[in-house]
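For reference, the structure discussed in these notes is given below.
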Protein chains: 4
Amino acid sequence: MLTTFGESHGTAIGGVLDGFPSGIELDLDLIQSEINRRNPAKYPFATARKEDDKLEVLSGIYEGLSTGAPIAFIVYNHDHRPEDYDNLKDLYRPSHADFTYEARYGIRDPRGGGRASARTTLSVVAGGAFAKQLLALNKIIITGYVSQIGPHSLPTGFVLADRSLVKLSPLACPHEKTTQKILDYLHTLKEEGDTAGGVISCVIKGVPAGIGDPLFGKLQADLAKAMLSINSVKGFEYGLGFASARMKGSEYNDEFILEDNLIKTKTNHDGGIQGGISNGMDITFNVAFKPISTLSMEQQTINRDGDQIIYKAEGRHDVCVVPRAVPIVEAMAALVLADKLGQG
Amino acid sequence: MLTTFGESHGTAIGGVLDGFPSGIELDLDLIQSEINRRNPAKYPFATARKEDDKLEVLSGIYEGLSTGAPIAFIVYNHDHRPEDYDNLKDLYRPSHADFTYEARYGIRDPRGGGRASARTTLSVVAGGAFAKQLLALNKIIITGYVSQIGPHSLPTGFVLADRSLVKLSPLACPHEKTTQKILDYLHTLKEEGDTAGGVISCVIKGVPAGIGDPLFGKLQADLAKAMLSINSVKGFEYGLGFASARMKGSEYNDEFILEDNLIKTKTNHDGGIQGGISNGMDITFNVAFKPISTLSMEQQTINRDGDQIIYKAEGRHDVCVVPRAVPIVEAMAALVLADKLGQG
Amino acid sequence: MLTTFGESHGTAIGGVLDGFPSGIELDLDLIQSEINRRNPAKYPFATARKEDDKLEVLSGIYEGLSTGAPIAFIVYNHDHRPEDYDNLKDLYRPSHADFTYEARYGIRDPRGGGRASARTTLSVVAGGAFAKQLLALNKIIITGYVSQIGPHSLPTGFVLADRSLVKLSPLACPHEKTTQKILDYLHTLKEEGDTAGGVISCVIKGVPAGIGDPLFGKLQADLAKAMLSINSVKGFEYGLGFASARMKGSEYNDEFILEDNLIKTKTNHDGGIQGGISNGMDITFNVAFKPISTLSMEQQTINRDGDQIIYKAEGRHDVCVVPRAVPIVEAMAALVLADKLGQG
Amino acid sequence: MLTTFGESHGTAIGGVLDGFPSGIELDLDLIQSEINRRNPAKYPFATARKEDDKLEVLSGIYEGLSTGAPIAFIVYNHDHRPEDYDNLKDLYRPSHADFTYEARYGIRDPRGGGRASARTTLSVVAGGAFAKQLLALNKIIITGYVSQIGPHSLPTGFVLADRSLVKLSPLACPHEKTTQKILDYLHTLKEEGDTAGGVISCVIKGVPAGIGDPLFGKLQADLAKAMLSINSVKGFEYGLGFASARMKGSEYNDEFILEDNLIKTKTNHDGGIQGGISNGMDITFNVAFKPISTLSMEQQTINRDGDQIIYKAEGRHDVCVVPRAVPIVEAMAALVLADKLGQG
């Protein structure tokens, strides 16, 4: 179980991973490289904030092995400029959490969105990177990729045959032509000061049959909760998802077959989960992201006193966060699966 | 918090509602009527199983008021015919949970799907009916309705202006022409022995701003988990959901305005939740259901020994469960909101 | 995990056992016999309330085996006479929970103490009886016994060599002379209309080394919480407990030794747990019970309006509940251990 | 809810306090001073380890007020000398957690006991110090004190009339003569290389009636669990505790009275809790500590290979940890009460 803490422009961001099994050899460089995957410096069209995001592990590891004690980790914030946000502290930015945090807490930390900032997902990526190493020992591999940004999607019927294609794209989109179309699209948006959303698809290979619980611990339910916990996510579907709503049972149903003496399904419309429990097929799901709320153009809004105000974000901001969110989706999935596997 | 128990053809189905506040006047007839809403006898194209589904409350209520003690309730199963399922006990029905339950538990109760049966949602509806009475005291009203079955959807831009329209439709679809098209469609499917899925939309009015928690307790995340816990559900989206992925920020963003001295948003693309916390606008979400897995036509599958088998379900079965699932979606939403409100 | 429900004079008492492993052969007669152990009819000096306490299992078992689904069970109340309690409904009985329940809930069920009644422990005994069968498969045996009632204790240095001695005593006290002294003592109290408390000791054999967690999941901490959840319990100690406070480290410390190629400790002052984790030695603990609060003699107290009142309980009541609480202590210990074993 | 992390000789010790209310003005100097109370430098007969124990708050506070976001805090370890423990890494020290940690985790961090070290209680004291500030706003004051060390106890019938007496004693024992006797006793033990245990008593003033839950959330049960989670604790009792086991109901029962228009009890044998819920009287409890396991004299034990070994701890160690544990007991009580109050 992961507990996280930290605000965008506070002292540090971090987390505590409790219940991590003992005796696992941990490669901290690999964990650092996962964190780097969400670093804006890696992406075109990302914020100009500069953080080295150096992970420091404080506990739970002794001579390279997990001890079973809680693993705590932190990343100190360096490029925090709280003063940049002084003019925002009374403002309710459109589609941000400024107003709701005030409604919830009566107070808010205006520095870069405070706890509501996407920077807090760094803790999730770090925690998930530990979970991934545990899953890798069980030969479970999670691959997320961008399947849509704005109006541009992967070709219909696209199947990810080779996960290395994801790394080739600067946008984590495993299809060259689509990548190019999206790059052009984001260029135009950037010039307009506008932003884009998109969809991340994820496939998990190697999950054995029998993981998950009926009713209140369904595997897809825990995945859905995890994904909807990510900033800007508006939807989750697994297997054929919303498309299944228009199908007939006779088109949809996954027939069981015997293949190489293993029980499989002929199709995988169910996305690897039936009755809340994995069936041994690939687990597949999609996650929808709304466009980034911070625009580099003028927007109408109001402040705490109800005065109407024109707001335009200063500085350079992300045009699209979806490529940077791929490691977050993977990390969340890894945390869910590690928890489920640990339940026995 | 609701704990549930029971199998399709076991002795009884029921639940325990813990943490329900004291001193709440409870109308048990209203709760019974909610349970009746999911009873197949109320719907065309539903299973012929006959159960009176009479709720018995065992504890937690004294002289009509909740006492703060756990509220336990049961519904005895009457029309259970375990012998009907003898021929299924070695079979893995396509897209059912037969195989995964065996993988998880090494054993399975073959009587009507056992714990995996949709009959277990009766406990959710009952528990949710208690939660609804609590919410009603807070002027929170939840309305679910069918917005799509198979290829037939509500007209684009449909807004539910009057919740009484839902009750007028035998399919809980608040639009007469769409209802008629769906009835025709289901008729055809029934003759073919086929089944349909669909989408349920839900709108929650009256939730004050400030409900929900950041990060791991986001309101939409708890709603997503609850909805994905319902049998046959394949997807969840709130606000504009998956459609937001193709929009620009300048089209999407919800501008804050002052209206009647209340802070509102001009549009409600965010679906009433920002940063995981309600903003006082209507909460809106959609839930996708796959078609029913049990077909009245022949399907290929295998049994435990890997033998290929032709399976055809006997008796009368649901053609489409989506209309009956409306009270389940509402109940799950009510349970989530009651929990969140109780946190303080 | 056990969820329970029910009030002293409500419709039924029961519980739901969630997470019980599948494929376990369950002997329901044995579970019924555990329930009978706390039935007042079995004990001298107990209440005259007559209940057959017939357990009905509603779910989770198929053809004699647990299926992994929640196991729900109920016992209907028969001898409930709510009218007996009409004169109590405004009264705050000394050392009862009448006043605190009202302070907590603003309302109370006056019928026999409602949810505060010791009758609710029946659910614990039933749930624990399931857990015991699971533990028995792991060769873990829990034995509780009365070591003190009022001023009469087992002889100093008493060790329970043979658990069958417990059953020989009508008071679950494995020492004939002490049993006799206590019987005489309770006789006198009964004539006076007075009541007694006592101490239950418990020894758990067969727990392997390595069960429990550091810090917030210490085995003794979970045992302490479980025991302090039992009605009338005022204290918990394990190993040498409070007596250790006056010892020197050199007297107290348990030296490790090798015996039959197994690592053991020479003494067992730590009571089988070190650092929150079992060490393979017998787990030993004591639980202190205050005297029963309901006296058959006049007591001063006040009512809701603050009026001073003389209160004398009518009918026949327990003089001492400690012997009947032995199965409750064992059941709570079984539930804790079954949970801990399941985590691993 | 407090999550903690850290080992005796790891990089840092710390914790994350989740669910702390927003808008609370926090005095970090006061929190530091609570931490200093358990610093060995403050006590005679304590370990010579030198740590400044400087608390660093990483998140959750903005301009001196809690924001509702998780409050993370760390204390870096400075005087860690892992090499001191090289000779212990194969050894099972008597009555330590060396053996059980290995049984649980297959691995152990031998540096000063690792996660099993009492140094980890620093996180509890820090977390509790935040909780105390919350409680102080509700006028709830927790006072722990030493009531026994070795064979020397406070006089029978002692009542803590003035909490300032605790601070006057170098041993947190609010009775001068007893303090002196204990000092002499500890002097002798130190010369012998031996150690002592003791009892901490605690009184909580200002808890309103109605805090706590029946059955599985009883206030005393949560206190018991918290206290038994502290290193070296062997027992917990509240109110009259184990002494009540020998009393008659007529001697024990707390009669309700009206005093200054408030409902109180004439005596407080129940220790402020009835039926698991506070009754508005002082909450009183005792916690028993075994003597410190690390002796400065030779002890027999074995190593991992089962070889018999003579072990003598090097360096200076605590003779008695009980006075230093007073802030830990208070902190645990504060965390329990803050949680309970927040449920409301």
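Within each chain, counting starts at residue 1; across the structure tokens, chains are named A, B, ... in the order shown, with ligands numbered 1 upward in that order.
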After a least-squares superposition on chain A using every in-order C-alpha pair, I'd like chain D written out as a compact mmCIF listing (two decimals) with C-alpha atoms, in the first residue's frame.
# COMPACT_ATOMS: atom_id res chain seq x y z
CA MET D 1 0.01 0.00 -0.02
CA LEU D 2 1.30 3.41 -1.04
CA THR D 3 0.87 6.54 1.06
CA THR D 4 1.99 9.73 -0.63
CA PHE D 5 2.63 13.30 0.38
CA GLY D 6 3.82 16.58 -1.01
CA GLU D 7 2.71 19.63 -2.90
CA SER D 8 3.85 21.12 -6.17
CA HIS D 9 5.96 23.83 -4.55
CA GLY D 10 6.46 22.46 -1.05
CA THR D 11 9.71 21.15 0.36
CA ALA D 12 9.50 17.64 -1.02
CA ILE D 13 7.32 15.04 -2.71
CA GLY D 14 7.38 11.44 -1.60
CA GLY D 15 5.72 8.33 -0.37
CA VAL D 16 5.81 5.31 1.89
CA LEU D 17 5.33 1.83 0.50
CA ASP D 18 4.05 -0.44 3.25
CA GLY D 19 3.78 -4.20 2.99
CA PHE D 20 6.41 -4.59 0.30
CA PRO D 21 7.77 -8.16 0.56
CA SER D 22 11.19 -8.78 2.00
CA GLY D 23 14.23 -10.14 0.22
CA ILE D 24 13.55 -8.48 -3.14
CA GLU D 25 16.65 -7.18 -4.89
CA LEU D 26 15.89 -3.61 -5.90
CA ASP D 27 17.47 -1.73 -8.78
CA LEU D 28 17.26 1.92 -7.75
CA ASP D 29 18.63 3.13 -11.09
CA LEU D 30 15.69 1.52 -12.83
CA ILE D 31 13.34 3.25 -10.41
CA GLN D 32 15.04 6.57 -11.13
CA SER D 33 14.66 5.97 -14.86
CA GLU D 34 10.91 5.41 -14.43
CA ILE D 35 10.69 8.73 -12.61
CA ASN D 36 12.58 10.38 -15.42
CA ARG D 37 9.98 9.13 -17.90
CA ARG D 38 7.46 11.61 -16.56
CA ASN D 39 9.98 14.45 -16.33
CA PRO D 40 8.86 17.29 -18.58
CA ALA D 41 12.39 17.62 -19.93
CA LYS D 42 11.82 14.36 -21.80
CA TYR D 43 8.81 15.57 -23.76
CA PRO D 44 8.15 18.18 -26.37
CA PHE D 45 5.23 20.45 -25.53
CA ALA D 46 5.82 20.08 -21.80
CA THR D 47 6.25 22.62 -19.03
CA ALA D 48 9.62 24.33 -18.70
CA ARG D 49 9.88 23.64 -14.99
CA LYS D 50 13.31 22.18 -14.33
CA GLU D 51 13.63 19.54 -11.65
CA ASP D 52 16.22 16.82 -11.54
CA ASP D 53 13.75 14.65 -9.62
CA LYS D 54 16.47 12.78 -7.77
CA LEU D 55 14.95 9.98 -5.72
CA GLU D 56 16.28 9.43 -2.20
CA VAL D 57 15.31 6.19 -0.44
CA LEU D 58 15.13 6.65 3.32
CA SER D 59 14.27 3.22 4.69
CA GLY D 60 13.29 -0.37 4.07
CA ILE D 61 16.32 -1.43 2.04
CA TYR D 62 19.44 -3.02 3.50
CA GLU D 63 22.36 -4.08 1.37
CA GLY D 64 20.26 -3.80 -1.78
CA LEU D 65 17.42 -5.99 -0.55
CA SER D 66 14.00 -4.99 0.75
CA THR D 67 13.70 -5.87 4.43
CA GLY D 68 9.92 -5.94 4.72
CA ALA D 69 9.97 -2.62 6.58
CA PRO D 70 8.21 0.37 4.98
CA ILE D 71 10.11 1.82 2.03
CA ALA D 72 10.06 5.61 2.25
CA PHE D 73 11.30 7.80 -0.57
CA ILE D 74 11.47 11.51 -1.25
CA VAL D 75 12.28 13.89 -4.04
CA TYR D 76 13.11 17.41 -2.95
CA ASN D 77 11.59 20.23 -4.98
CA HIS D 78 14.18 22.69 -6.25
CA ASP D 79 12.64 24.84 -8.95
CA HIS D 80 9.79 26.01 -6.78
CA ARG D 81 8.88 29.60 -7.20
CA PRO D 82 5.97 30.20 -4.88
CA GLU D 83 5.99 33.89 -5.73
CA ASP D 84 4.90 33.02 -9.28
CA TYR D 85 1.52 32.11 -7.89
CA ASP D 86 0.74 35.16 -5.80
CA ASN D 87 -1.63 36.51 -8.38
CA LEU D 88 -3.58 33.25 -8.43
CA LYS D 89 -4.36 32.92 -4.77
CA ASP D 90 -7.81 34.48 -4.93
CA LEU D 91 -8.67 33.18 -8.37
CA TYR D 92 -10.73 30.13 -9.37
CA ARG D 93 -9.04 28.90 -12.54
CA PRO D 94 -11.47 27.20 -14.97
CA SER D 95 -11.59 23.42 -14.60
CA HIS D 96 -8.92 23.46 -11.91
CA ALA D 97 -9.35 22.37 -8.30
CA ASP D 98 -8.92 25.85 -6.79
CA PHE D 99 -12.58 26.27 -5.94
CA THR D 100 -13.23 22.72 -4.78
CA TYR D 101 -10.17 22.62 -2.51
CA GLU D 102 -11.37 25.78 -0.87
CA ALA D 103 -14.84 24.32 -0.49
CA ARG D 104 -13.37 21.20 1.05
CA TYR D 105 -10.66 22.67 3.25
CA GLY D 106 -11.58 26.32 3.73
CA ILE D 107 -7.99 27.07 2.78
CA ARG D 108 -5.73 26.30 -0.14
CA ASP D 109 -2.09 26.21 -1.03
CA PRO D 110 -2.00 28.27 -4.23
CA ARG D 111 1.58 27.41 -5.14
CA GLY D 112 1.22 25.58 -8.43
CA GLY D 113 -1.99 23.93 -7.44
CA GLY D 114 -0.50 22.61 -4.19
CA ARG D 115 -1.63 19.08 -3.52
CA ALA D 116 -3.82 19.10 -6.64
CA SER D 117 -0.81 19.49 -8.90
CA ALA D 118 0.09 16.73 -11.33
CA ARG D 119 3.56 16.90 -9.80
CA THR D 120 2.17 14.73 -6.98
CA THR D 121 1.93 11.86 -9.45
CA LEU D 122 5.71 11.62 -9.14
CA SER D 123 5.13 9.70 -5.90
CA VAL D 124 2.85 7.31 -7.72
CA VAL D 125 5.44 6.71 -10.44
CA ALA D 126 8.13 6.04 -7.84
CA GLY D 127 5.92 3.70 -5.81
CA GLY D 128 4.82 1.96 -8.98
CA ALA D 129 8.42 1.49 -10.04
CA PHE D 130 9.05 -0.58 -6.91
CA ALA D 131 5.89 -2.57 -7.62
CA LYS D 132 7.01 -3.16 -11.20
CA GLN D 133 10.21 -4.84 -10.01
CA LEU D 134 8.11 -7.15 -7.89
CA LEU D 135 5.83 -7.92 -10.82
CA ALA D 136 8.77 -8.50 -13.15
CA LEU D 137 9.90 -11.33 -10.87
CA ASN D 138 6.47 -12.83 -11.55
CA LYS D 139 6.92 -12.19 -15.29
CA ILE D 140 4.16 -9.60 -15.34
CA ILE D 141 4.86 -6.81 -17.80
CA ILE D 142 2.78 -3.63 -18.07
CA THR D 143 2.91 -1.53 -21.22
CA GLY D 144 1.06 1.75 -21.60
CA TYR D 145 0.96 3.80 -24.79
CA VAL D 146 -0.74 6.80 -26.29
CA SER D 147 -3.58 5.67 -28.54
CA GLN D 148 -5.22 9.04 -29.11
CA ILE D 149 -4.46 12.72 -28.74
CA GLY D 150 -7.12 15.20 -29.69
CA PRO D 151 -8.85 13.91 -32.82
CA HIS D 152 -5.91 11.70 -33.87
CA SER D 153 -6.09 8.01 -32.96
CA LEU D 154 -4.18 4.85 -33.77
CA PRO D 155 -5.62 3.08 -36.83
CA THR D 156 -8.73 0.98 -36.14
CA GLY D 157 -7.82 -2.54 -35.10
CA PHE D 158 -4.30 -1.55 -34.09
CA VAL D 159 -2.64 -4.17 -31.89
CA LEU D 160 0.64 -3.50 -30.10
CA ALA D 161 2.78 -6.28 -31.48
CA ASP D 162 6.09 -4.93 -30.20
CA ARG D 163 6.35 -2.83 -27.05
CA SER D 164 9.67 -1.32 -28.15
CA LEU D 165 7.69 0.78 -30.65
CA VAL D 166 6.42 2.87 -27.74
CA LYS D 167 9.89 4.08 -26.84
CA LEU D 168 10.67 5.06 -30.43
CA SER D 169 7.99 7.72 -30.41
CA PRO D 170 8.63 11.04 -28.64
CA LEU D 171 4.94 10.86 -27.69
CA ALA D 172 4.86 7.20 -26.55
CA CYS D 173 2.59 6.50 -29.50
CA PRO D 174 3.66 3.24 -31.18
CA HIS D 175 2.70 4.26 -34.74
CA GLU D 176 4.84 6.58 -36.72
CA LYS D 177 2.22 8.23 -38.89
CA THR D 178 -0.09 8.87 -35.97
CA THR D 179 2.82 10.30 -33.99
CA GLN D 180 3.55 12.69 -36.82
CA LYS D 181 -0.06 13.81 -37.11
CA ILE D 182 -0.20 14.44 -33.38
CA LEU D 183 3.06 16.40 -33.40
CA ASP D 184 1.65 18.68 -36.09
CA TYR D 185 -1.58 19.03 -34.15
CA LEU D 186 0.19 19.94 -30.90
CA HIS D 187 2.32 22.48 -32.77
CA THR D 188 -0.75 24.28 -33.91
CA LEU D 189 -2.32 24.16 -30.47
CA LYS D 190 0.82 25.55 -28.90
CA GLU D 191 0.77 28.52 -31.21
CA GLU D 192 -2.86 29.09 -30.32
CA GLY D 193 -2.10 28.75 -26.60
CA ASP D 194 -4.50 25.83 -26.48
CA THR D 195 -4.21 22.31 -25.03
CA ALA D 196 -5.16 18.71 -25.88
CA GLY D 197 -6.41 15.57 -24.13
CA GLY D 198 -6.16 11.99 -25.25
CA VAL D 199 -6.37 8.32 -24.46
CA ILE D 200 -3.77 5.98 -22.99
CA SER D 201 -4.14 2.27 -23.68
CA CYS D 202 -2.53 -0.32 -21.50
CA VAL D 203 -1.85 -4.01 -21.87
CA ILE D 204 -0.69 -6.24 -19.03
CA LYS D 205 0.91 -9.55 -19.95
CA GLY D 206 1.62 -12.44 -17.64
CA VAL D 207 -1.08 -12.10 -15.00
CA PRO D 208 -2.03 -15.65 -14.04
CA ALA D 209 -5.69 -16.71 -13.89
CA GLY D 210 -7.29 -16.28 -10.48
CA ILE D 211 -6.23 -12.76 -9.41
CA GLY D 212 -8.99 -10.53 -8.07
CA ASP D 213 -12.03 -10.91 -5.86
CA PRO D 214 -15.75 -10.99 -6.46
CA LEU D 215 -18.03 -8.04 -5.82
CA PHE D 216 -16.16 -5.38 -3.84
CA GLY D 217 -12.63 -6.35 -4.80
CA LYS D 218 -13.01 -6.87 -8.52
CA LEU D 219 -9.74 -6.42 -10.36
CA GLN D 220 -11.28 -4.03 -12.89
CA ALA D 221 -12.86 -2.04 -10.06
CA ASP D 222 -9.52 -1.51 -8.38
CA LEU D 223 -7.93 -0.61 -11.72
CA ALA D 224 -10.77 1.82 -12.40
CA LYS D 225 -10.36 3.47 -9.03
CA ALA D 226 -6.60 3.74 -9.53
CA MET D 227 -6.94 5.28 -12.99
CA LEU D 228 -9.67 7.73 -11.97
CA SER D 229 -7.31 8.85 -9.21
CA ILE D 230 -4.92 10.27 -11.82
CA ASN D 231 -5.19 13.98 -12.52
CA SER D 232 -7.29 14.87 -15.61
CA VAL D 233 -8.64 11.35 -16.14
CA LYS D 234 -12.31 11.32 -17.16
CA GLY D 235 -12.94 7.71 -18.08
CA PHE D 236 -11.89 4.07 -17.84
CA GLU D 237 -12.91 1.05 -19.86
CA TYR D 238 -11.49 -2.46 -20.05
CA GLY D 239 -11.66 -5.01 -22.82
CA LEU D 240 -14.04 -3.66 -25.43
CA GLY D 241 -15.44 -1.19 -22.93
CA PHE D 242 -18.03 1.28 -24.18
CA ALA D 243 -17.96 -0.35 -27.62
CA SER D 244 -19.40 -3.52 -26.10
CA ALA D 245 -22.61 -1.67 -25.28
CA ARG D 246 -23.64 -1.78 -28.92
CA MET D 247 -22.73 -5.40 -29.58
CA LYS D 248 -24.82 -8.55 -29.47
CA GLY D 249 -23.88 -11.32 -27.06
CA SER D 250 -23.20 -13.61 -29.98
CA GLU D 251 -20.62 -11.15 -31.35
CA TYR D 252 -19.11 -10.34 -27.99
CA ASN D 253 -18.74 -13.57 -26.02
CA ASP D 254 -15.27 -14.97 -25.51
CA GLU D 255 -15.36 -18.68 -26.31
CA PHE D 256 -13.06 -20.90 -24.21
CA ILE D 257 -10.53 -23.02 -26.10
CA LEU D 258 -7.64 -25.29 -25.28
CA GLU D 259 -4.34 -24.09 -26.73
CA ASP D 260 -1.03 -25.79 -25.96
CA ASN D 261 -2.82 -27.51 -23.10
CA LEU D 262 -3.74 -24.15 -21.60
CA ILE D 263 -7.26 -22.86 -21.20
CA LYS D 264 -7.58 -19.63 -23.15
CA THR D 265 -10.27 -17.61 -24.85
CA LYS D 266 -10.50 -17.39 -28.63
CA THR D 267 -11.12 -13.66 -28.52
CA ASN D 268 -10.34 -11.33 -25.61
CA HIS D 269 -13.26 -8.93 -25.60
CA ASP D 270 -13.51 -9.25 -21.84
CA GLY D 271 -9.99 -7.79 -21.54
CA GLY D 272 -8.59 -10.61 -19.43
CA ILE D 273 -11.03 -10.30 -16.53
CA GLN D 274 -14.27 -12.22 -15.92
CA GLY D 275 -16.36 -11.92 -12.78
CA GLY D 276 -13.73 -9.58 -11.34
CA ILE D 277 -10.98 -12.19 -11.59
CA SER D 278 -8.20 -12.50 -14.16
CA ASN D 279 -8.53 -15.33 -16.68
CA GLY D 280 -4.89 -15.47 -17.80
CA MET D 281 -5.37 -13.53 -21.03
CA ASP D 282 -3.83 -10.07 -21.52
CA ILE D 283 -5.49 -7.44 -19.38
CA THR D 284 -6.35 -4.47 -21.57
CA PHE D 285 -7.85 -1.12 -20.71
CA ASN D 286 -8.12 2.48 -21.87
CA VAL D 287 -7.95 5.68 -19.89
CA ALA D 288 -9.35 9.00 -21.16
CA PHE D 289 -7.69 12.33 -20.31
CA LYS D 290 -9.34 15.70 -20.68
CA PRO D 291 -7.28 18.54 -22.17
CA ILE D 292 -4.99 20.40 -19.78
CA SER D 293 -6.86 23.12 -17.92
CA THR D 294 -4.09 25.71 -17.97
CA LEU D 295 -4.25 27.60 -21.27
CA SER D 296 -1.91 30.24 -22.61
CA MET D 297 -4.86 32.29 -23.75
CA GLU D 298 -7.35 34.52 -22.01
CA GLN D 299 -10.22 32.90 -20.16
CA GLN D 300 -13.14 34.32 -18.22
CA THR D 301 -13.53 33.32 -14.59
CA ILE D 302 -14.23 34.74 -11.13
CA ASN D 303 -12.32 35.22 -7.90
CA ARG D 304 -13.25 34.45 -4.30
CA ASP D 305 -15.27 37.64 -4.07
CA GLY D 306 -17.27 36.70 -7.14
CA ASP D 307 -15.68 39.39 -9.31
CA GLN D 308 -15.44 38.50 -12.99
CA ILE D 309 -11.84 38.33 -14.11
CA ILE D 310 -9.85 37.63 -17.24
CA TYR D 311 -7.13 35.10 -16.56
CA LYS D 312 -4.20 34.14 -18.73
CA ALA D 313 -1.50 31.77 -17.51
CA GLU D 314 2.02 33.16 -17.63
CA GLY D 315 5.13 31.21 -18.54
CA ARG D 316 5.36 27.98 -20.50
CA HIS D 317 2.93 25.18 -19.74
CA ASP D 318 2.20 21.69 -21.01
CA VAL D 319 0.23 21.59 -24.24
CA CYS D 320 -0.59 17.96 -23.68
CA VAL D 321 0.19 15.85 -20.65
CA VAL D 322 -0.90 12.50 -22.07
CA PRO D 323 2.53 11.17 -23.16
CA ARG D 324 3.97 12.05 -19.73
CA ALA D 325 1.05 10.25 -18.11
CA VAL D 326 1.96 6.87 -19.63
CA PRO D 327 4.31 5.97 -16.75
CA ILE D 328 1.65 7.12 -14.29
CA VAL D 329 -0.94 4.77 -15.78
CA GLU D 330 1.59 1.94 -15.72
CA ALA D 331 2.57 2.74 -12.12
CA MET D 332 -1.02 2.76 -10.91
CA ALA D 333 -1.64 -0.59 -12.63
CA ALA D 334 1.51 -1.99 -11.05
CA LEU D 335 0.44 -0.88 -7.57
CA VAL D 336 -2.99 -2.48 -8.00
CA LEU D 337 -1.54 -5.76 -9.23
CA ALA D 338 1.16 -5.93 -6.56
CA ASP D 339 -1.54 -5.45 -3.91
CA LYS D 340 -3.74 -8.13 -5.43
CA LEU D 341 -0.91 -10.61 -5.80
CA GLY D 342 0.10 -10.04 -2.19
CA GLN D 343 -3.34 -10.97 -0.92
CA GLY D 344 -3.16 -14.43 -2.13
Inset, instruction - Check stretch 207-337 of chain C with DSSP on the backbone and list each residue it calls helix (DSSP H, G or I), as a VMD selection string. - result: chain C and resid 215 to 217 219 to 228 241 to 246 249 to 252 322 to 337
Legend entry - stretch 44-115 of chain A: residues DSSP assigns to strand (DSSP E or B), reported as a list in words: Glu56, Val57, Ile61, Tyr62, Leu65, Ser66, Ile71, Ala72, Phe73, Ile74, Val75, Tyr76 and Leu91 of chain A
Just N, CA and C atoms for this one: save the residues we selected as a CSV table (one decimal), in the first residue's frame.
chain,number,residue,atom,x,y,z
A,56,GLU,N,15.5,9.8,-3.3
A,56,GLU,CA,16.3,9.4,-2.2
A,56,GLU,C,15.5,8.4,-1.4
A,57,VAL,N,16.0,7.2,-1.2
A,57,VAL,CA,15.3,6.2,-0.4
A,57,VAL,C,15.8,6.3,1.0
A,61,ILE,N,15.4,-0.7,2.9
A,61,ILE,CA,16.3,-1.4,2.0
A,61,ILE,C,17.6,-1.6,2.8
A,62,TYR,N,18.1,-2.8,2.8
A,62,TYR,CA,19.4,-3.0,3.5
A,62,TYR,C,20.3,-3.9,2.6
A,65,LEU,N,18.6,-5.2,-0.6
A,65,LEU,CA,17.4,-6.0,-0.6
A,65,LEU,C,16.3,-5.3,0.3
A,66,SER,N,15.1,-5.5,-0.1
A,66,SER,CA,14.0,-5.0,0.7
A,66,SER,C,14.0,-5.8,2.0
A,71,ILE,N,9.2,1.1,2.9
A,71,ILE,CA,10.1,1.8,2.0
A,71,ILE,C,9.7,3.3,1.9
A,72,ALA,N,10.4,4.2,2.4
A,72,ALA,CA,10.1,5.6,2.3
A,72,ALA,C,11.0,6.2,1.3
A,73,PHE,N,10.5,7.1,0.4
A,73,PHE,CA,11.3,7.8,-0.6
A,73,PHE,C,10.9,9.2,-0.7
A,74,ILE,N,11.8,10.1,-1.0
A,74,ILE,CA,11.5,11.5,-1.2
A,74,ILE,C,12.2,12.1,-2.4
A,75,VAL,N,11.7,13.1,-3.0
A,75,VAL,CA,12.3,13.9,-4.0
A,75,VAL,C,12.1,15.3,-3.6
A,76,TYR,N,13.2,16.0,-3.3
A,76,TYR,CA,13.1,17.4,-2.9
A,76,TYR,C,12.8,18.3,-4.1
A,91,LEU,N,-8.0,33.5,-7.1
A,91,LEU,CA,-8.7,33.2,-8.4
A,91,LEU,C,-9.2,31.8,-8.4
